[in-house]
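Colleague: Provided herewith: coords03.txt, compact mmCIF, C-alpha atoms.
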```
# COMPACT_ATOMS: atom_id res chain seq x y z
CA ARG A 1 -31.60 99.95 7.21
CA ASP A 2 -29.23 102.68 8.30
CA GLU A 3 -29.30 105.07 11.36
CA ALA A 4 -31.45 107.54 9.51
CA GLY A 5 -34.04 104.86 8.83
CA ASN A 6 -33.28 104.41 5.15
CA THR A 7 -33.81 100.89 3.86
CA THR A 8 -32.25 99.13 0.96
CA SER A 9 -33.96 97.25 -1.79
CA TRP A 10 -34.91 93.63 -1.27
CA TYR A 11 -32.27 91.02 -2.02
CA THR A 12 -33.13 87.32 -2.46
CA ASP A 13 -31.37 83.99 -2.69
CA VAL A 14 -32.67 80.51 -3.36
CA VAL A 15 -31.65 77.50 -1.28
CA THR A 16 -32.58 74.00 -2.38
CA LEU A 17 -33.42 71.68 0.46
CA ASP A 18 -32.17 68.16 -0.33
CA THR A 19 -32.58 65.47 2.30
CA VAL A 20 -33.05 62.50 -0.02
CA GLY A 21 -30.30 60.32 -1.41
CA PRO A 22 -29.85 59.44 -5.11
CA SER A 23 -32.99 58.01 -6.66
CA GLY A 24 -33.44 54.95 -8.84
CA ALA A 25 -30.29 53.23 -7.62
CA SER A 26 -29.89 49.43 -7.67
CA ALA A 27 -27.13 46.85 -7.35
CA GLN A 28 -27.03 43.35 -8.77
CA LEU A 29 -24.46 40.59 -8.36
CA ASP A 30 -23.53 38.44 -11.34
CA PHE A 31 -24.23 34.69 -11.57
CA GLY A 32 -27.82 34.77 -10.36
CA SER A 33 -28.67 33.32 -6.96
CA VAL A 34 -25.77 30.85 -6.55
CA ALA A 35 -22.06 31.24 -7.27
CA THR A 36 -19.12 28.84 -7.29
CA ASN A 37 -16.28 31.37 -7.02
CA THR A 38 -15.57 34.51 -4.99
CA SER A 39 -14.82 37.03 -7.78
CA PHE A 40 -17.78 39.15 -8.81
CA ALA A 41 -18.81 42.13 -10.86
CA VAL A 42 -21.43 44.20 -9.06
CA ARG A 43 -23.69 45.87 -11.60
CA LEU A 44 -24.49 49.37 -10.34
CA ASP A 45 -27.48 51.18 -11.84
CA VAL A 46 -28.24 54.73 -10.74
CA ASN A 47 -30.60 57.42 -11.99
CA SER A 48 -28.28 60.32 -11.21
CA PRO A 49 -25.53 62.23 -12.96
CA GLU A 50 -22.01 60.92 -12.87
CA GLY A 51 -19.60 62.19 -10.28
CA LEU A 52 -21.39 60.64 -7.30
CA GLU A 53 -19.31 59.09 -4.58
CA PHE A 54 -19.97 55.52 -3.49
CA ASP A 55 -18.73 52.92 -1.00
CA VAL A 56 -18.91 49.13 -1.23
CA PHE A 57 -19.05 47.01 1.93
CA GLY A 58 -20.63 43.91 3.42
CA ASP A 59 -19.42 40.37 2.67
CA VAL A 60 -16.37 41.51 0.67
CA ASP A 61 -12.75 40.81 1.48
CA VAL A 62 -11.72 44.48 1.06
CA PRO A 63 -14.33 47.30 1.37
CA LEU A 64 -14.17 50.09 -1.23
CA ASN A 65 -14.47 53.67 0.02
CA GLY A 66 -14.60 57.08 -1.66
CA ASN A 67 -15.03 55.86 -5.22
CA ILE A 68 -16.42 58.17 -7.89
CA PHE A 69 -19.24 56.89 -10.04
CA THR A 70 -18.80 57.24 -13.79
CA PRO A 71 -20.39 55.33 -16.64
CA THR A 72 -17.26 53.15 -16.77
CA SER A 73 -17.64 52.19 -13.12
CA GLN A 74 -21.10 50.81 -13.64
CA PHE A 75 -19.49 47.38 -13.06
CA ILE A 76 -17.60 47.22 -9.76
CA TYR A 77 -15.33 44.19 -9.32
CA VAL A 78 -15.07 42.79 -5.79
CA ASN A 79 -14.02 39.57 -4.09
CA LEU A 80 -16.43 38.02 -1.63
CA SER A 81 -15.27 37.14 1.85
CA SER A 82 -14.23 33.56 2.49
CA GLY A 83 -16.62 30.94 3.77
CA GLU A 84 -19.61 29.16 2.29
CA GLY A 85 -23.18 30.42 2.51
CA SER A 86 -25.19 33.56 1.85
CA LYS A 87 -23.23 36.70 0.96
CA THR A 88 -24.61 40.25 0.83
CA VAL A 89 -22.83 43.14 -0.89
CA THR A 90 -24.02 46.71 -0.22
CA VAL A 91 -23.29 49.80 -2.32
CA ARG A 92 -23.81 53.20 -0.62
CA LEU A 93 -24.30 56.11 -3.03
CA TYR A 94 -23.84 59.75 -1.92
CA ASP A 95 -25.19 62.84 -3.60
CA GLU A 96 -23.61 66.31 -3.53
CA ALA A 97 -25.46 67.18 -0.31
CA GLY A 98 -24.05 64.14 1.47
CA ASN A 99 -27.32 62.24 1.41
CA TYR A 100 -26.94 58.57 0.67
CA VAL A 101 -28.91 55.51 -0.26
CA ASP A 102 -27.91 51.87 0.27
CA VAL A 103 -28.60 49.24 -2.39
CA SER A 104 -27.77 45.57 -1.82
CA ASP A 105 -27.84 42.16 -3.44
CA SER A 106 -27.25 38.70 -1.99
CA ILE A 107 -25.94 35.45 -3.39
CA ASP A 108 -25.32 31.93 -2.09
CA LEU A 109 -21.63 31.02 -2.32
CA ASP A 110 -20.90 27.32 -2.84
CA THR A 111 -17.34 26.45 -3.86
CA MET A 112 -17.14 22.99 -2.26
CA GLY A 113 -17.76 19.69 -4.02
CA PRO A 114 -19.73 16.81 -2.53
CA THR A 115 -18.38 14.66 0.28
CA GLY A 116 -18.77 10.92 0.02
CA SER A 117 -17.44 7.41 0.42
CA ILE A 118 -16.92 4.14 -1.44
CA THR A 119 -17.12 0.72 0.18
CA GLY A 120 -16.99 -2.83 -1.10
CA PRO A 121 -15.62 -6.30 -0.42
CA ALA A 122 -12.11 -6.52 0.98
CA VAL A 123 -11.31 -9.67 -1.01
CA ALA A 124 -12.53 -11.01 -4.33
CA PHE A 125 -11.69 -14.61 -5.12
CA SER A 126 -12.89 -15.55 -8.58
CA GLN A 127 -14.34 -12.48 -10.26
CA PHE A 128 -13.08 -9.30 -11.85
CA SER A 129 -16.40 -7.43 -11.58
CA ILE A 130 -16.66 -6.05 -8.05
CA PRO A 131 -19.80 -4.52 -6.49
CA VAL A 132 -19.15 -1.22 -4.72
CA THR A 133 -21.47 0.96 -2.65
CA LEU A 134 -21.32 4.73 -2.97
CA ALA A 135 -22.65 7.51 -0.76
CA ALA A 136 -22.35 11.26 -1.31
CA GLY A 137 -24.05 14.43 -0.16
CA ASP A 138 -24.07 18.12 -1.09
CA ALA A 139 -26.24 21.15 -0.32
CA HIS A 140 -27.07 21.52 -4.01
CA GLY A 141 -27.41 17.83 -4.83
CA VAL A 142 -25.03 15.20 -6.17
CA THR A 143 -25.54 14.59 -9.89
CA HIS A 144 -22.48 12.77 -11.26
CA MET A 145 -19.57 10.51 -10.36
CA ARG A 146 -16.49 9.22 -12.13
CA PHE A 147 -14.07 6.38 -11.49
CA SER A 148 -10.33 6.39 -12.03
CA GLY A 149 -7.16 4.46 -11.33
CA GLY A 150 -4.97 2.09 -13.27
CA ASP A 151 -6.73 -0.91 -11.73
CA VAL A 152 -10.16 0.05 -13.13
CA ALA A 153 -11.19 -1.48 -16.47
CA PHE A 154 -14.87 -0.44 -16.34
CA PRO A 155 -16.57 2.04 -16.12
CA THR A 156 -14.33 4.08 -18.45
CA THR A 157 -11.97 6.00 -16.20
CA GLY A 158 -12.33 9.75 -16.04
CA VAL A 159 -15.76 9.82 -17.72
CA TRP A 160 -18.62 11.36 -15.74
CA MET A 161 -21.70 9.21 -15.29
CA ALA A 162 -24.98 9.68 -13.44
CA TYR A 163 -24.62 9.36 -9.68
CA GLY A 164 -25.87 6.14 -8.13
CA THR A 165 -25.40 4.31 -4.86
CA ASN A 166 -24.48 0.93 -6.39
CA GLN A 167 -22.08 0.19 -9.22
CA MET A 168 -20.28 -2.82 -10.62
CA VAL A 169 -16.60 -2.03 -11.22
CA ASP A 170 -14.43 -4.25 -13.38
CA VAL A 171 -10.84 -4.41 -12.20
CA THR A 172 -7.86 -5.41 -14.30
CA SER A 173 -6.68 -9.03 -14.35
CA GLY A 174 -3.85 -10.24 -12.17
CA ASP A 175 -3.95 -11.09 -8.50
CA GLY A 176 -3.04 -8.45 -5.95
CA THR A 177 -4.40 -5.26 -4.43
CA LYS A 178 -6.72 -3.27 -6.69
CA THR A 179 -7.50 0.35 -5.85
CA VAL A 180 -10.70 1.97 -7.12
CA TYR A 181 -10.97 5.78 -6.98
CA VAL A 182 -14.17 7.82 -7.26
CA GLN A 183 -15.10 11.51 -7.33
CA PHE A 184 -18.51 13.17 -7.07
CA ARG A 185 -19.86 16.34 -8.72
CA ASP A 186 -22.77 18.53 -7.61
CA SER A 187 -25.41 20.32 -9.70
CA LEU A 188 -23.26 23.49 -9.81
CA GLY A 189 -20.26 21.66 -11.26
CA ASN A 190 -18.20 21.61 -8.06
CA ILE A 191 -16.01 18.49 -7.83
CA GLY A 192 -15.28 16.85 -4.50
CA SER A 193 -12.21 15.09 -3.19
CA MET A 194 -11.05 11.68 -4.37
CA TYR A 195 -12.21 8.64 -2.39
CA SER A 196 -10.74 5.16 -2.72
CA HIS A 197 -11.31 1.54 -1.81
CA ASN A 198 -8.79 -1.32 -1.87
CA ILE A 199 -9.76 -4.82 -2.98
CA MET A 200 -7.49 -7.85 -2.79
CA LEU A 201 -8.05 -9.92 -5.91
CA ASP A 202 -7.11 -13.56 -5.27
CA THR A 203 -8.18 -15.91 -8.05
CA ILE A 204 -5.44 -18.58 -7.71
CA PRO A 205 -6.16 -21.27 -5.09
CA PRO A 206 -3.33 -22.74 -3.02
CA ALA A 207 -1.77 -25.98 -4.16
CA SER A 208 -3.24 -29.27 -2.97
CA PRO A 209 -1.37 -30.94 -0.11
CA SER A 210 0.99 -33.74 -1.06
CA ASP A 211 2.04 -36.81 0.93
CA VAL A 212 -1.26 -37.18 2.77
CA SER A 213 -0.99 -40.11 5.18
CA ALA A 214 -3.42 -41.82 7.53
CA THR A 215 -2.68 -44.09 10.47
CA VAL A 216 -4.96 -45.99 12.77
CA LYS A 217 -5.31 -44.12 16.01
CA ASN A 218 -7.68 -46.51 17.74
CA ALA A 219 -8.28 -49.96 16.27
CA ASN A 220 -11.30 -50.54 18.50
CA THR A 221 -13.14 -47.40 17.37
CA GLY A 222 -11.73 -47.10 13.88
CA GLU A 223 -10.34 -43.63 14.46
CA LEU A 224 -7.76 -42.47 11.93
CA TYR A 225 -5.04 -39.87 12.33
CA VAL A 226 -4.55 -38.00 9.04
CA THR A 227 -1.55 -35.75 8.42
CA TRP A 228 -0.23 -33.67 5.52
CA PRO A 229 2.50 -31.06 4.98
CA GLN A 230 1.62 -27.39 5.40
CA VAL A 231 0.70 -25.58 2.17
CA ALA A 232 2.02 -22.04 1.68
CA GLY A 233 -0.72 -19.43 1.55
CA ALA A 234 -3.45 -21.76 2.82
CA THR A 235 -5.84 -20.44 5.47
CA GLY A 236 -7.68 -23.73 5.96
CA TYR A 237 -8.18 -27.23 4.59
CA GLU A 238 -11.19 -29.22 3.49
CA VAL A 239 -10.80 -32.94 4.26
CA HIS A 240 -12.89 -35.49 2.37
CA TYR A 241 -12.96 -39.08 3.49
CA ASP A 242 -14.76 -42.36 2.90
CA LEU A 243 -15.30 -45.37 5.11
CA ASP A 244 -15.05 -47.60 2.09
CA SER A 245 -13.70 -47.33 -1.42
CA GLY A 246 -15.13 -45.06 -4.07
CA VAL A 247 -16.27 -41.47 -3.85
CA PRO A 248 -15.72 -39.47 -0.64
CA TYR A 249 -18.20 -40.53 1.99
CA VAL A 250 -21.00 -38.01 2.64
CA GLY A 251 -22.65 -39.76 5.55
CA THR A 252 -22.19 -39.26 9.28
CA GLN A 253 -20.59 -42.50 10.46
CA ALA A 254 -17.16 -40.99 11.25
CA LEU A 255 -16.67 -40.36 14.95
CA GLN A 256 -15.54 -36.75 14.52
CA GLY A 257 -18.17 -35.59 12.05
CA SER A 258 -19.38 -35.94 8.49
CA SER A 259 -17.44 -35.61 5.24
CA PRO A 260 -16.13 -33.17 4.24
CA ARG A 261 -14.51 -31.63 7.28
CA PHE A 262 -13.21 -28.06 7.18
CA VAL A 263 -10.08 -27.38 9.20
CA ALA A 264 -9.39 -23.70 9.83
CA GLY A 265 -5.85 -22.37 10.13
CA GLY A 266 -3.07 -22.72 7.59
CA ALA A 267 -0.64 -24.24 10.09
CA VAL A 268 -2.97 -27.13 11.11
CA THR A 269 -1.80 -30.22 9.26
CA ALA A 270 -3.53 -33.07 11.12
CA ILE A 271 -7.02 -34.24 11.95
CA THR A 272 -8.59 -37.18 13.74
CA LEU A 273 -11.43 -38.93 11.91
```
Have the structure of the file written as structure tokens, please.
Modeller:
Amino acid sequence: RDEAGNTTSWYTDVVTLDTVGPSGASAQLDFGSVATNTSFAVRLDVNSPEGLEFDVFGDVDVPLNGNIFTPTSQFIYVNLSSGEGSKTVTVRLYDEAGNYVDVSDSIDLDTMGPTGSITGPAVAFSQFSIPVTLAAGDAHGVTHMRFSGGDVAFPTTGVWMAYGTNQMVDVTSGDGTKTVYVQFRDSLGNIGSMYSHNIMLDTIPPASPSDVSATVKNANTGELYVTWPQVAGATGYEVHYDLDSGVPYVGTQALQGSSPRFVAGGAVTAITL
């Protein structure tokens, strides 16, 4: 209206009020509910025209900011942050008015193989098949194990077999230290560290003593003093004796005990009977 009171015609304009973010948006991580590596494609679905801006944040090593959504960016490649456990990735979509909506997906990250152990006898004397005990654990279950090493003849080295807590392992022939290696695998395919156990295979007995001699120690009691040279590698001696002729006596008439007598210690080379 002017000073004379004249008014103009009506003029109009239309303003669209938009306080709601993009509709129909969703985000989905590849590999289902559990993953064994940190590299992912985030599938981004949105019911809006292209040209929208979006950010990616959460459990990612490097957040993505100010990206423009186009049909070719429907798959967004990110690396998850380090560390095992649940990971959540969030995509924030903006419309032209600056409204946004957050869409997220979570996944359980498991990149570690099972932990475990192998135990068994320290020494095997007369057998090549050695019993070993195995123990392993993993959040997603232990399913397989495999043995390896040049000293293992059975099971076939490097071949996965069902996990068990007891196993007979055949070692190669030849006395000496035998090392058995084992690895465990979980239900996701993650392989754990190598574990080992050493077994000393000793199948050759020491030589029999030579020049065994006996002298009367006490004529009144019949005690005898028996001596022999030390045998290399011996850790003890088993002494058989008889009060008469014939087979070694198995009774209890000797003053120092019954036959046979076991003498511990490789350096002991005398006994009183």
Colleague: Just the residues within 8 Å of A:Pro121, please, counting all atoms listed in the file, with nothing from its chain fewer than 3 positions along; format it as a list in words.
Modeller: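 Everything that qualifies: Ala124, Ile130, Pro131, Val132 and Ile199 of chain A.
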Colleague: Please measure the separation of atom CA of A:Leu44 and atom CA of A:Gln74, giving the value in Å to one decimal.
Modeller: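 Atom CA of A:Gln74 lies at a distance of 4.9 Å from atom CA of A:Leu44.
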Colleague: Find the residues around stretch 167-177 of chain A up to 8 Å (all atoms listed in the file counted), leave out those fewer than 4 positions away in its own chain, and share them as JSON, numbers by chain.
Modeller: {"A": [128, 129, 130, 131, 132, 133, 134, 151, 152, 153, 154, 155, 198, 199, 200, 201, 202, 203, 204]}
Colleague: Using all atoms listed in the file, which residues sit within 12 Å of A:Tyr163 once same-chain residues fewer than 6 positions away are excluded, as a ChimeraX atom specification?
Modeller: /A:114,116,133-137,141-147,182-187
Colleague: Give me a file of those residues, with C-alpha atoms, as an mmCIF file, in the frame of the given file.
Modeller:
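So part01.cif came out as:
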```cif
data_model
loop_
_atom_site.group_PDB
_atom_site.id
_atom_site.type_symbol
_atom_site.label_atom_id
_atom_site.label_comp_id
_atom_site.auth_asym_id
_atom_site.auth_seq_id
_atom_site.Cartn_x
_atom_site.Cartn_y
_atom_site.Cartn_z
ATOM 1 C CA PRO A 114 -19.730 16.810 -2.530
ATOM 2 C CA GLY A 116 -18.770 10.920 0.020
ATOM 3 C CA THR A 133 -21.470 0.960 -2.650
ATOM 4 C CA LEU A 134 -21.320 4.730 -2.970
ATOM 5 C CA ALA A 135 -22.650 7.510 -0.760
ATOM 6 C CA ALA A 136 -22.350 11.260 -1.310
ATOM 7 C CA GLY A 137 -24.050 14.430 -0.160
ATOM 8 C CA GLY A 141 -27.410 17.830 -4.830
ATOM 9 C CA VAL A 142 -25.030 15.200 -6.170
ATOM 10 C CA THR A 143 -25.540 14.590 -9.890
ATOM 11 C CA HIS A 144 -22.480 12.770 -11.260
ATOM 12 C CA MET A 145 -19.570 10.510 -10.360
ATOM 13 C CA ARG A 146 -16.490 9.220 -12.130
ATOM 14 C CA PHE A 147 -14.070 6.380 -11.490
ATOM 15 C CA VAL A 182 -14.170 7.820 -7.260
ATOM 16 C CA GLN A 183 -15.100 11.510 -7.330
ATOM 17 C CA PHE A 184 -18.510 13.170 -7.070
ATOM 18 C CA ARG A 185 -19.860 16.340 -8.720
ATOM 19 C CA ASP A 186 -22.770 18.530 -7.610
ATOM 20 C CA SER A 187 -25.410 20.320 -9.700
#
```
Colleague: Could you check how far atom CA of A:Ala27 sits from atom CA of A:Ile76, in Å to one decimal?
Modeller: 9.8 Å
Colleague: May I ask for the distance between atom CA of A:Arg43 and atom CA of A:Ala139, given in Å to one decimal place?
Modeller: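 One can read the atom CA of A:Arg43 to atom CA of A:Ala139 distance as 27.3 Å.
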Colleague: When you look at stretch 3-20 of chain A with a cut-off of 12 Å (counting only C-alpha atoms), what residues show up, excluding the ones that are within fewer than 3 positions of it in the same chain? I need them as a list in words.
Modeller: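 Neighbouring residues, sequence-local ones excluded: Ser23, Gly24, Leu93, Tyr94, Asp95, Glu96, Ala97, Gly98, Asn99, Tyr100, Val101 and Asp102 of chain A.
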Colleague: Which residue, A:Ala232, A:Val62, A:Val103, A:Val78, has the smallest gap to A:Asp45 when you use all atoms listed in the file?
Modeller: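 Among the listed residues, A:Val103 lies closest to A:Asp45.
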Colleague: Could you tell me which of A:Thr215, A:Ser39, A:Thr165, A:Ser104 comes closest to A:Ala25 if we count only C-alpha atoms?
Modeller: A:Ser104
